[in-house]
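Data file: protein_10.txt. Format and content: compact mmCIF, N, CA, C and O atoms.
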```txt
# COMPACT_ATOMS: atom_id res chain seq x y z
N MET K 1 0.84 -1.17 0.00
CA MET K 1 0.00 0.00 0.00
C MET K 1 0.89 1.24 0.00
O MET K 1 1.77 1.39 0.82
N ALA K 2 0.65 2.12 -0.92
CA ALA K 2 1.45 3.35 -1.03
C ALA K 2 0.99 4.36 0.01
O ALA K 2 -0.20 4.48 0.29
N THR K 3 1.94 5.08 0.58
CA THR K 3 1.59 6.13 1.53
C THR K 3 1.83 7.48 0.88
O THR K 3 2.69 7.62 0.02
N TRP K 4 1.09 8.45 1.30
CA TRP K 4 1.27 9.80 0.79
C TRP K 4 2.56 10.36 1.36
O TRP K 4 2.95 10.05 2.47
N PRO K 5 3.24 11.22 0.61
CA PRO K 5 4.47 11.84 1.13
C PRO K 5 4.22 12.62 2.41
O PRO K 5 5.09 12.71 3.25
N PHE K 6 3.01 13.17 2.58
CA PHE K 6 2.71 13.94 3.78
C PHE K 6 2.83 13.06 5.02
O PHE K 6 3.37 13.48 6.03
N PHE K 7 2.34 11.83 4.94
CA PHE K 7 2.42 10.93 6.08
C PHE K 7 3.85 10.48 6.33
O PHE K 7 4.24 10.25 7.46
N VAL K 8 4.63 10.36 5.29
CA VAL K 8 6.04 10.01 5.44
C VAL K 8 6.78 11.15 6.13
O VAL K 8 7.65 10.92 6.98
N ILE K 9 6.43 12.39 5.81
CA ILE K 9 7.07 13.54 6.43
C ILE K 9 6.76 13.59 7.92
O ILE K 9 7.61 13.91 8.74
N LEU K 10 5.53 13.25 8.30
CA LEU K 10 5.14 13.33 9.70
C LEU K 10 5.56 12.12 10.52
O LEU K 10 5.49 12.15 11.74
N ALA K 11 6.01 11.06 9.87
CA ALA K 11 6.42 9.87 10.62
C ALA K 11 7.69 10.17 11.40
O ALA K 11 8.67 10.66 10.84
N PRO K 12 7.69 9.94 12.71
CA PRO K 12 8.88 10.25 13.50
C PRO K 12 10.03 9.31 13.17
O PRO K 12 9.83 8.14 12.91
N PHE K 13 11.24 9.85 13.18
CA PHE K 13 12.45 9.08 12.97
C PHE K 13 12.96 8.61 14.32
O PHE K 13 12.81 9.29 15.33
N THR K 14 13.61 7.47 14.33
CA THR K 14 14.29 7.03 15.55
C THR K 14 15.68 7.64 15.56
O THR K 14 16.16 8.15 14.55
N VAL K 15 16.34 7.58 16.70
CA VAL K 15 17.68 8.17 16.82
C VAL K 15 18.66 7.46 15.90
O VAL K 15 19.51 8.09 15.28
N MET K 16 18.56 6.16 15.75
CA MET K 16 19.47 5.42 14.88
C MET K 16 19.28 5.85 13.43
O MET K 16 20.25 6.04 12.70
N GLU K 17 18.02 6.03 12.99
CA GLU K 17 17.77 6.49 11.64
C GLU K 17 18.30 7.91 11.44
O GLU K 17 18.76 8.26 10.36
N ALA K 18 18.26 8.72 12.49
CA ALA K 18 18.74 10.09 12.40
C ALA K 18 20.24 10.10 12.15
O ALA K 18 20.74 10.97 11.43
N LYS K 19 20.98 9.16 12.72
CA LYS K 19 22.42 9.10 12.48
C LYS K 19 22.73 8.71 11.05
O LYS K 19 23.65 9.22 10.44
N VAL K 20 21.95 7.82 10.51
CA VAL K 20 22.20 7.33 9.16
C VAL K 20 21.68 8.31 8.11
O VAL K 20 22.34 8.59 7.13
N ASN K 21 20.51 8.88 8.33
CA ASN K 21 19.86 9.73 7.34
C ASN K 21 19.84 11.19 7.80
O ASN K 21 18.79 11.80 7.88
N ARG K 22 20.98 11.74 8.10
CA ARG K 22 21.04 13.10 8.63
C ARG K 22 20.51 14.13 7.64
O ARG K 22 19.77 15.04 8.02
N PHE K 23 20.84 13.99 6.37
CA PHE K 23 20.39 14.96 5.38
C PHE K 23 18.92 14.77 5.03
O PHE K 23 18.20 15.74 4.77
N THR K 24 18.44 13.54 5.04
CA THR K 24 17.02 13.27 4.84
C THR K 24 16.22 13.87 5.99
O THR K 24 15.17 14.47 5.78
N LEU K 25 16.73 13.72 7.18
CA LEU K 25 16.08 14.28 8.35
C LEU K 25 16.05 15.81 8.28
O LEU K 25 15.03 16.43 8.59
N ALA K 26 17.14 16.42 7.85
CA ALA K 26 17.19 17.88 7.72
C ALA K 26 16.19 18.37 6.69
O ALA K 26 15.51 19.39 6.90
N SER K 27 16.05 17.67 5.55
CA SER K 27 15.08 18.11 4.57
C SER K 27 13.66 17.89 5.04
O SER K 27 12.78 18.70 4.76
N ARG K 28 13.42 16.83 5.80
CA ARG K 28 12.08 16.59 6.35
C ARG K 28 11.71 17.71 7.31
O ARG K 28 10.60 18.25 7.25
N GLU K 29 12.64 18.10 8.17
CA GLU K 29 12.36 19.17 9.13
C GLU K 29 12.20 20.52 8.43
O GLU K 29 11.38 21.34 8.84
N ALA K 30 12.95 20.75 7.37
CA ALA K 30 12.79 21.98 6.60
C ALA K 30 11.42 22.04 5.94
O ALA K 30 10.76 23.08 5.92
N LEU K 31 10.95 20.91 5.40
CA LEU K 31 9.61 20.85 4.81
C LEU K 31 8.53 21.07 5.85
O LEU K 31 7.52 21.73 5.59
N LEU K 32 8.72 20.52 7.05
CA LEU K 32 7.76 20.75 8.12
C LEU K 32 7.69 22.23 8.50
O LEU K 32 6.61 22.78 8.69
N CYS K 33 8.85 22.87 8.59
CA CYS K 33 8.89 24.31 8.90
C CYS K 33 8.24 25.13 7.80
O CYS K 33 7.47 26.06 8.08
N LEU K 34 8.52 24.80 6.56
CA LEU K 34 7.91 25.50 5.44
C LEU K 34 6.40 25.32 5.44
O LEU K 34 5.64 26.27 5.23
N GLY K 35 5.95 24.10 5.69
CA GLY K 35 4.51 23.83 5.74
C GLY K 35 3.81 24.60 6.85
O GLY K 35 2.74 25.17 6.65
N LEU K 36 4.44 24.65 8.03
CA LEU K 36 3.85 25.40 9.13
C LEU K 36 3.83 26.90 8.82
O LEU K 36 2.88 27.60 9.16
N THR K 37 4.87 27.40 8.17
CA THR K 37 4.91 28.81 7.79
C THR K 37 3.82 29.14 6.78
O THR K 37 3.14 30.17 6.91
N LEU K 38 3.64 28.29 5.79
CA LEU K 38 2.58 28.52 4.79
C LEU K 38 1.20 28.43 5.43
O LEU K 38 0.30 29.22 5.11
N LEU K 39 1.02 27.48 6.34
CA LEU K 39 -0.25 27.36 7.05
C LEU K 39 -0.52 28.62 7.88
O LEU K 39 -1.65 29.11 7.93
N TYR K 40 0.51 29.15 8.53
CA TYR K 40 0.35 30.40 9.30
C TYR K 40 -0.06 31.55 8.39
O TYR K 40 -0.95 32.32 8.73
N PHE K 41 0.60 31.66 7.24
CA PHE K 41 0.27 32.75 6.33
C PHE K 41 -1.18 32.65 5.86
O PHE K 41 -1.91 33.65 5.83
N VAL K 42 -1.62 31.45 5.48
CA VAL K 42 -3.00 31.27 5.01
C VAL K 42 -3.98 31.56 6.14
O VAL K 42 -5.00 32.24 5.93
N ALA K 43 -3.70 31.08 7.34
CA ALA K 43 -4.59 31.33 8.47
C ALA K 43 -4.63 32.81 8.82
O ALA K 43 -5.70 33.37 9.10
N TRP K 44 -3.50 33.48 8.79
CA TRP K 44 -3.46 34.92 9.08
C TRP K 44 -4.23 35.69 8.02
O TRP K 44 -5.01 36.58 8.33
N TYR K 45 -3.98 35.37 6.76
CA TYR K 45 -4.66 36.07 5.67
C TYR K 45 -6.17 35.88 5.75
O TYR K 45 -6.93 36.83 5.59
N ALA K 46 -6.59 34.65 6.04
CA ALA K 46 -8.03 34.36 6.14
C ALA K 46 -8.66 35.12 7.30
O ALA K 46 -9.74 35.71 7.16
N SER K 47 -7.99 35.14 8.44
CA SER K 47 -8.58 35.82 9.59
C SER K 47 -8.50 37.34 9.45
O SER K 47 -9.34 38.06 9.99
N ALA K 48 -7.53 37.85 8.72
CA ALA K 48 -7.40 39.30 8.57
C ALA K 48 -8.29 39.87 7.48
O ALA K 48 -8.81 40.98 7.63
N TYR K 49 -8.50 39.14 6.40
CA TYR K 49 -9.19 39.71 5.25
C TYR K 49 -10.55 39.09 4.94
O TYR K 49 -11.32 39.67 4.18
N TRP K 50 -10.86 37.92 5.47
CA TRP K 50 -12.13 37.29 5.14
C TRP K 50 -13.18 37.47 6.23
O TRP K 50 -14.29 37.00 6.08
N ILE K 51 -12.83 38.13 7.33
CA ILE K 51 -13.79 38.35 8.40
C ILE K 51 -14.27 39.79 8.31
O ILE K 51 -13.47 40.73 8.14
N SER K 52 -15.57 39.97 8.45
CA SER K 52 -16.16 41.29 8.33
C SER K 52 -15.63 42.24 9.40
O SER K 52 -15.52 41.87 10.57
N PRO K 53 -15.31 43.48 9.03
CA PRO K 53 -14.80 44.45 10.00
C PRO K 53 -15.84 44.86 11.05
O PRO K 53 -15.50 45.39 12.10
N GLN K 54 -17.12 44.59 10.78
CA GLN K 54 -18.16 44.97 11.73
C GLN K 54 -18.30 44.01 12.90
O GLN K 54 -18.91 44.36 13.91
N LEU K 55 -17.77 42.80 12.79
CA LEU K 55 -17.87 41.83 13.88
C LEU K 55 -16.93 42.23 15.01
O LEU K 55 -15.75 42.51 14.79
N LEU K 56 -17.47 42.25 16.23
CA LEU K 56 -16.68 42.63 17.39
C LEU K 56 -16.69 41.52 18.43
O LEU K 56 -17.65 40.77 18.55
N CYS K 57 -15.61 41.43 19.17
CA CYS K 57 -15.51 40.51 20.30
C CYS K 57 -14.80 41.26 21.42
O CYS K 57 -13.63 41.67 21.25
N LEU K 58 -15.48 41.47 22.53
CA LEU K 58 -14.95 42.22 23.67
C LEU K 58 -14.57 43.65 23.27
O LEU K 58 -13.60 44.21 23.77
N GLY K 59 -15.28 44.22 22.34
CA GLY K 59 -15.02 45.58 21.89
C GLY K 59 -13.87 45.72 20.91
O GLY K 59 -13.51 46.82 20.51
N ILE K 60 -13.28 44.60 20.54
CA ILE K 60 -12.16 44.59 19.59
C ILE K 60 -12.66 43.97 18.29
O ILE K 60 -13.39 42.97 18.33
N PRO K 61 -12.29 44.52 17.15
CA PRO K 61 -12.69 43.87 15.90
C PRO K 61 -12.19 42.41 15.87
O PRO K 61 -11.04 42.12 16.23
N LEU K 62 -13.07 41.52 15.45
CA LEU K 62 -12.74 40.09 15.46
C LEU K 62 -11.55 39.77 14.57
O LEU K 62 -10.71 38.93 14.90
N TRP K 63 -11.44 40.45 13.42
CA TRP K 63 -10.31 40.18 12.52
C TRP K 63 -8.99 40.50 13.20
O TRP K 63 -8.01 39.79 13.04
N PHE K 64 -8.95 41.60 13.99
CA PHE K 64 -7.73 41.96 14.69
C PHE K 64 -7.42 40.97 15.80
O PHE K 64 -6.27 40.54 15.99
N LEU K 65 -8.44 40.59 16.56
CA LEU K 65 -8.25 39.64 17.65
C LEU K 65 -7.69 38.31 17.13
O LEU K 65 -6.74 37.76 17.69
N LEU K 66 -8.27 37.82 16.04
CA LEU K 66 -7.81 36.54 15.49
C LEU K 66 -6.43 36.64 14.85
O LEU K 66 -5.54 35.82 15.12
N SER K 67 -6.24 37.63 13.98
CA SER K 67 -4.99 37.68 13.21
C SER K 67 -3.79 38.18 14.00
O SER K 67 -2.66 37.81 13.68
N CYS K 68 -4.00 38.98 15.02
CA CYS K 68 -2.86 39.57 15.74
C CYS K 68 -2.66 39.02 17.15
O CYS K 68 -1.60 39.24 17.73
N ILE K 69 -3.65 38.33 17.70
CA ILE K 69 -3.50 37.82 19.07
C ILE K 69 -3.64 36.29 19.10
O ILE K 69 -2.75 35.59 19.56
N VAL K 70 -4.76 35.79 18.61
CA VAL K 70 -5.02 34.34 18.71
C VAL K 70 -4.12 33.54 17.79
O VAL K 70 -3.52 32.54 18.21
N MET K 71 -4.00 33.96 16.53
CA MET K 71 -3.22 33.20 15.56
C MET K 71 -1.74 33.07 15.95
O MET K 71 -1.18 31.97 15.91
N PRO K 72 -1.06 34.16 16.35
CA PRO K 72 0.34 33.99 16.77
C PRO K 72 0.50 33.07 17.98
O PRO K 72 1.41 32.24 18.02
N LEU K 73 -0.40 33.19 18.96
CA LEU K 73 -0.32 32.31 20.14
C LEU K 73 -0.55 30.84 19.76
O LEU K 73 0.16 29.95 20.24
N LEU K 74 -1.52 30.61 18.87
CA LEU K 74 -1.78 29.25 18.42
C LEU K 74 -0.57 28.66 17.70
O LEU K 74 -0.18 27.51 17.94
N PHE K 75 0.07 29.44 16.85
CA PHE K 75 1.20 28.91 16.09
C PHE K 75 2.47 28.82 16.91
O PHE K 75 3.35 28.01 16.59
N ILE K 76 2.59 29.58 17.98
CA ILE K 76 3.69 29.37 18.91
C ILE K 76 3.55 28.01 19.57
O ILE K 76 4.51 27.25 19.70
N VAL K 77 2.32 27.66 19.96
CA VAL K 77 2.06 26.35 20.55
C VAL K 77 2.32 25.25 19.53
O VAL K 77 2.92 24.21 19.84
N LEU K 78 1.87 25.45 18.29
CA LEU K 78 2.11 24.45 17.24
C LEU K 78 3.60 24.26 16.96
O LEU K 78 4.06 23.14 16.74
N CYS K 79 4.38 25.34 16.98
CA CYS K 79 5.84 25.24 16.80
C CYS K 79 6.46 24.43 17.94
O CYS K 79 7.32 23.58 17.70
N ALA K 80 6.04 24.70 19.17
CA ALA K 80 6.58 23.96 20.31
C ALA K 80 6.22 22.47 20.22
O ALA K 80 7.08 21.62 20.47
N LEU K 81 5.00 22.17 19.82
CA LEU K 81 4.60 20.77 19.66
C LEU K 81 5.39 20.09 18.55
O LEU K 81 5.80 18.93 18.68
N MET K 82 5.61 20.81 17.45
CA MET K 82 6.38 20.25 16.35
C MET K 82 7.82 19.98 16.78
O MET K 82 8.39 18.93 16.45
N LEU K 83 8.42 20.90 17.53
CA LEU K 83 9.79 20.69 18.01
C LEU K 83 9.89 19.51 18.97
O LEU K 83 10.84 18.73 18.90
N ASN K 84 8.91 19.37 19.83
CA ASN K 84 8.97 18.30 20.82
C ASN K 84 8.68 16.92 20.25
O ASN K 84 9.25 15.93 20.71
N HIS K 85 7.79 16.84 19.25
CA HIS K 85 7.34 15.53 18.79
C HIS K 85 7.87 15.10 17.43
O HIS K 85 7.91 13.91 17.14
N LEU K 86 8.26 16.03 16.57
CA LEU K 86 8.64 15.65 15.21
C LEU K 86 10.11 15.87 14.89
O LEU K 86 10.61 15.33 13.92
N PHE K 87 10.81 16.67 15.68
CA PHE K 87 12.22 16.93 15.42
C PHE K 87 13.07 15.98 16.26
O PHE K 87 12.69 15.59 17.35
N VAL K 88 14.24 15.62 15.73
CA VAL K 88 15.14 14.68 16.39
C VAL K 88 16.49 15.37 16.60
O VAL K 88 16.98 16.08 15.71
N ASP K 89 17.09 15.17 17.78
CA ASP K 89 18.42 15.71 18.03
C ASP K 89 19.44 14.97 17.18
O ASP K 89 19.47 13.74 17.17
N VAL K 90 20.28 15.72 16.49
CA VAL K 90 21.30 15.14 15.62
C VAL K 90 22.63 15.79 15.97
O VAL K 90 22.72 17.00 16.13
N SER K 91 23.66 14.98 16.06
CA SER K 91 24.99 15.51 16.31
C SER K 91 25.49 16.25 15.09
O SER K 91 25.39 15.77 13.96
N LEU K 92 26.02 17.45 15.30
CA LEU K 92 26.52 18.26 14.20
C LEU K 92 28.03 18.19 14.07
O LEU K 92 28.63 19.01 13.36
N ASP K 93 28.66 17.23 14.72
CA ASP K 93 30.11 17.07 14.63
C ASP K 93 30.49 16.73 13.20
O ASP K 93 29.78 16.03 12.48
N ALA K 94 31.66 17.20 12.79
CA ALA K 94 32.13 16.95 11.42
C ALA K 94 32.56 15.49 11.25
O ALA K 94 32.48 14.96 10.16
N THR K 95 33.03 14.87 12.32
CA THR K 95 33.46 13.49 12.21
C THR K 95 32.26 12.56 12.35
O THR K 95 31.42 12.75 13.19
N GLU K 96 32.25 11.56 11.49
CA GLU K 96 31.19 10.56 11.54
C GLU K 96 31.84 9.20 11.66
O GLU K 96 32.97 8.98 11.22
N GLU K 97 31.10 8.28 12.24
CA GLU K 97 31.62 6.91 12.35
C GLU K 97 31.64 6.29 10.95
O GLU K 97 30.74 6.43 10.18
N GLN K 98 32.74 5.59 10.66
CA GLN K 98 32.86 4.92 9.38
C GLN K 98 32.12 3.59 9.44
O GLN K 98 32.25 2.83 10.39
N HIS K 99 31.32 3.32 8.41
CA HIS K 99 30.60 2.06 8.34
C HIS K 99 31.50 1.01 7.71
O HIS K 99 32.25 1.27 6.77
N GLU K 100 31.42 -0.21 8.24
CA GLU K 100 32.22 -1.29 7.66
C GLU K 100 31.57 -1.76 6.38
O GLU K 100 30.37 -1.91 6.29
N ASN K 101 32.38 -2.00 5.35
CA ASN K 101 31.84 -2.46 4.06
C ASN K 101 31.92 -3.95 3.97
O ASN K 101 32.74 -4.62 4.35
```

Please re-express this file's structure in structure tokens.
Amino acid sequence: MATWPFFVILAPFTVMEAKVNRFTLASREALLCLGLTLLYFVAWYASAYWISPQLLCLGIPLWFLLSCIVMPLLFIVLCALMLNHLFVDVSLDATEEQHEN
């Protein structure tokens, strides 16, 4: 059964795989960051421009509350969750163990 690339990107790596596939892991994490950034932009744009300026919440325009207060806080939490659950610590030392052939 074929899996979508999105599910492959979200699949966590083990530490042993991280040692072997350091560059694959780096590109996976870069794609995750890019995806979260694009999602933030779309969510910000939608909350800033698609919500009527007449809607108010606590005396504040709803578009401002969502795009400038709620959305950044939500994505800070999403970034922290992504760092804790999807990123793997990798040694950045220049020396690597040689594999036996």

Within 12 Å of (3.4, 27.6, 7.6) in the file's own coordinates, which protein, DNA or RNA residues have an atom, counting only C-alpha atoms? List them as a PDB file with N, CA, C and O atoms, in the frame of the given file.
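Output saved as selection30.pdb:
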```pdb
ATOM      1  N   ALA K  30      12.950  20.750   7.370  1.00  0.00           N
ATOM      2  CA  ALA K  30      12.790  21.980   6.600  1.00  0.00           C
ATOM      3  C   ALA K  30      11.420  22.040   5.940  1.00  0.00           C
ATOM      4  O   ALA K  30      10.760  23.080   5.920  1.00  0.00           O
ATOM      5  N   LEU K  31      10.950  20.910   5.400  1.00  0.00           N
ATOM      6  CA  LEU K  31       9.610  20.850   4.810  1.00  0.00           C
ATOM      7  C   LEU K  31       8.530  21.070   5.850  1.00  0.00           C
ATOM      8  O   LEU K  31       7.520  21.730   5.590  1.00  0.00           O
ATOM      9  N   LEU K  32       8.720  20.520   7.050  1.00  0.00           N
ATOM     10  CA  LEU K  32       7.760  20.750   8.120  1.00  0.00           C
ATOM     11  C   LEU K  32       7.690  22.230   8.500  1.00  0.00           C
ATOM     12  O   LEU K  32       6.610  22.780   8.690  1.00  0.00           O
ATOM     13  N   CYS K  33       8.850  22.870   8.590  1.00  0.00           N
ATOM     14  CA  CYS K  33       8.890  24.310   8.900  1.00  0.00           C
ATOM     15  C   CYS K  33       8.240  25.130   7.800  1.00  0.00           C
ATOM     16  O   CYS K  33       7.470  26.060   8.080  1.00  0.00           O
ATOM     17  N   LEU K  34       8.520  24.800   6.560  1.00  0.00           N
ATOM     18  CA  LEU K  34       7.910  25.500   5.440  1.00  0.00           C
ATOM     19  C   LEU K  34       6.400  25.320   5.440  1.00  0.00           C
ATOM     20  O   LEU K  34       5.640  26.270   5.230  1.00  0.00           O
ATOM     21  N   GLY K  35       5.950  24.100   5.690  1.00  0.00           N
ATOM     22  CA  GLY K  35       4.510  23.830   5.740  1.00  0.00           C
ATOM     23  C   GLY K  35       3.810  24.600   6.850  1.00  0.00           C
ATOM     24  O   GLY K  35       2.740  25.170   6.650  1.00  0.00           O
ATOM     25  N   LEU K  36       4.440  24.650   8.030  1.00  0.00           N
ATOM     26  CA  LEU K  36       3.850  25.400   9.130  1.00  0.00           C
ATOM     27  C   LEU K  36       3.830  26.900   8.820  1.00  0.00           C
ATOM     28  O   LEU K  36       2.880  27.600   9.160  1.00  0.00           O
ATOM     29  N   THR K  37       4.870  27.400   8.170  1.00  0.00           N
ATOM     30  CA  THR K  37       4.910  28.810   7.790  1.00  0.00           C
ATOM     31  C   THR K  37       3.820  29.140   6.780  1.00  0.00           C
ATOM     32  O   THR K  37       3.140  30.170   6.910  1.00  0.00           O
ATOM     33  N   LEU K  38       3.640  28.290   5.790  1.00  0.00           N
ATOM     34  CA  LEU K  38       2.580  28.520   4.790  1.00  0.00           C
ATOM     35  C   LEU K  38       1.200  28.430   5.430  1.00  0.00           C
ATOM     36  O   LEU K  38       0.300  29.220   5.110  1.00  0.00           O
ATOM     37  N   LEU K  39       1.020  27.480   6.340  1.00  0.00           N
ATOM     38  CA  LEU K  39      -0.250  27.360   7.050  1.00  0.00           C
ATOM     39  C   LEU K  39      -0.520  28.620   7.880  1.00  0.00           C
ATOM     40  O   LEU K  39      -1.650  29.110   7.930  1.00  0.00           O
ATOM     41  N   TYR K  40       0.510  29.150   8.530  1.00  0.00           N
ATOM     42  CA  TYR K  40       0.350  30.400   9.300  1.00  0.00           C
ATOM     43  C   TYR K  40      -0.060  31.550   8.390  1.00  0.00           C
ATOM     44  O   TYR K  40      -0.950  32.320   8.730  1.00  0.00           O
ATOM     45  N   PHE K  41       0.600  31.660   7.240  1.00  0.00           N
ATOM     46  CA  PHE K  41       0.270  32.750   6.330  1.00  0.00           C
ATOM     47  C   PHE K  41      -1.180  32.650   5.860  1.00  0.00           C
ATOM     48  O   PHE K  41      -1.910  33.650   5.830  1.00  0.00           O
ATOM     49  N   VAL K  42      -1.620  31.450   5.480  1.00  0.00           N
ATOM     50  CA  VAL K  42      -3.000  31.270   5.010  1.00  0.00           C
ATOM     51  C   VAL K  42      -3.980  31.560   6.140  1.00  0.00           C
ATOM     52  O   VAL K  42      -5.000  32.240   5.930  1.00  0.00           O
ATOM     53  N   ALA K  43      -3.700  31.080   7.340  1.00  0.00           N
ATOM     54  CA  ALA K  43      -4.590  31.330   8.470  1.00  0.00           C
ATOM     55  C   ALA K  43      -4.630  32.810   8.820  1.00  0.00           C
ATOM     56  O   ALA K  43      -5.700  33.370   9.100  1.00  0.00           O
ATOM     57  N   TRP K  44      -3.500  33.480   8.790  1.00  0.00           N
ATOM     58  CA  TRP K  44      -3.460  34.920   9.080  1.00  0.00           C
ATOM     59  C   TRP K  44      -4.230  35.690   8.020  1.00  0.00           C
ATOM     60  O   TRP K  44      -5.010  36.580   8.330  1.00  0.00           O
ATOM     61  N   TYR K  45      -3.980  35.370   6.760  1.00  0.00           N
ATOM     62  CA  TYR K  45      -4.660  36.070   5.670  1.00  0.00           C
ATOM     63  C   TYR K  45      -6.170  35.880   5.750  1.00  0.00           C
ATOM     64  O   TYR K  45      -6.930  36.830   5.590  1.00  0.00           O
ATOM     65  N   MET K  71      -4.000  33.960  16.530  1.00  0.00           N
ATOM     66  CA  MET K  71      -3.220  33.200  15.560  1.00  0.00           C
ATOM     67  C   MET K  71      -1.740  33.070  15.950  1.00  0.00           C
ATOM     68  O   MET K  71      -1.180  31.970  15.910  1.00  0.00           O
ATOM     69  N   PRO K  72      -1.060  34.160  16.350  1.00  0.00           N
ATOM     70  CA  PRO K  72       0.340  33.990  16.770  1.00  0.00           C
ATOM     71  C   PRO K  72       0.500  33.070  17.980  1.00  0.00           C
ATOM     72  O   PRO K  72       1.410  32.240  18.020  1.00  0.00           O
ATOM     73  N   PHE K  75       0.070  29.440  16.850  1.00  0.00           N
ATOM     74  CA  PHE K  75       1.200  28.910  16.090  1.00  0.00           C
ATOM     75  C   PHE K  75       2.470  28.820  16.910  1.00  0.00           C
ATOM     76  O   PHE K  75       3.350  28.010  16.590  1.00  0.00           O
ATOM     77  N   ILE K  76       2.590  29.580  17.980  1.00  0.00           N
ATOM     78  CA  ILE K  76       3.690  29.370  18.910  1.00  0.00           C
ATOM     79  C   ILE K  76       3.550  28.010  19.570  1.00  0.00           C
ATOM     80  O   ILE K  76       4.510  27.250  19.700  1.00  0.00           O
ATOM     81  N   LEU K  78       1.870  25.450  18.290  1.00  0.00           N
ATOM     82  CA  LEU K  78       2.110  24.450  17.240  1.00  0.00           C
ATOM     83  C   LEU K  78       3.600  24.260  16.960  1.00  0.00           C
ATOM     84  O   LEU K  78       4.060  23.140  16.740  1.00  0.00           O
ATOM     85  N   CYS K  79       4.380  25.340  16.980  1.00  0.00           N
ATOM     86  CA  CYS K  79       5.840  25.240  16.800  1.00  0.00           C
ATOM     87  C   CYS K  79       6.460  24.430  17.940  1.00  0.00           C
ATOM     88  O   CYS K  79       7.320  23.580  17.700  1.00  0.00           O
ATOM     89  N   MET K  82       5.610  20.810  17.450  1.00  0.00           N
ATOM     90  CA  MET K  82       6.380  20.250  16.350  1.00  0.00           C
ATOM     91  C   MET K  82       7.820  19.980  16.780  1.00  0.00           C
ATOM     92  O   MET K  82       8.390  18.930  16.450  1.00  0.00           O
TER      93      MET K  82
END
```

Find, counting all atoms listed in the file, the residue in K:Ala48, K:Val90, K:Leu81, K:Leu55 that gets nearest to Ser67 of chain K.
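The answer is K:Ala48, which sits nearest to Ser67 of chain K.
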
Just how far from atom O of Thr24 of chain K is atom O of Leu83 of chain K, in Å to one decimal?
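Interatomic distance here is 14.5 Å.
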
In Å to one decimal, how far is atom O of Leu62 of chain K from atom C of Ala46 of chain K?
8.7 Å

For atom CA of Phe64 of chain K and atom C of Ser47 of chain K, determine how far apart the two atoms are, in Å to one decimal place.
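Result for atom CA of Phe64 of chain K versus atom C of Ser47 of chain K: 7.0 Å, one decimal.
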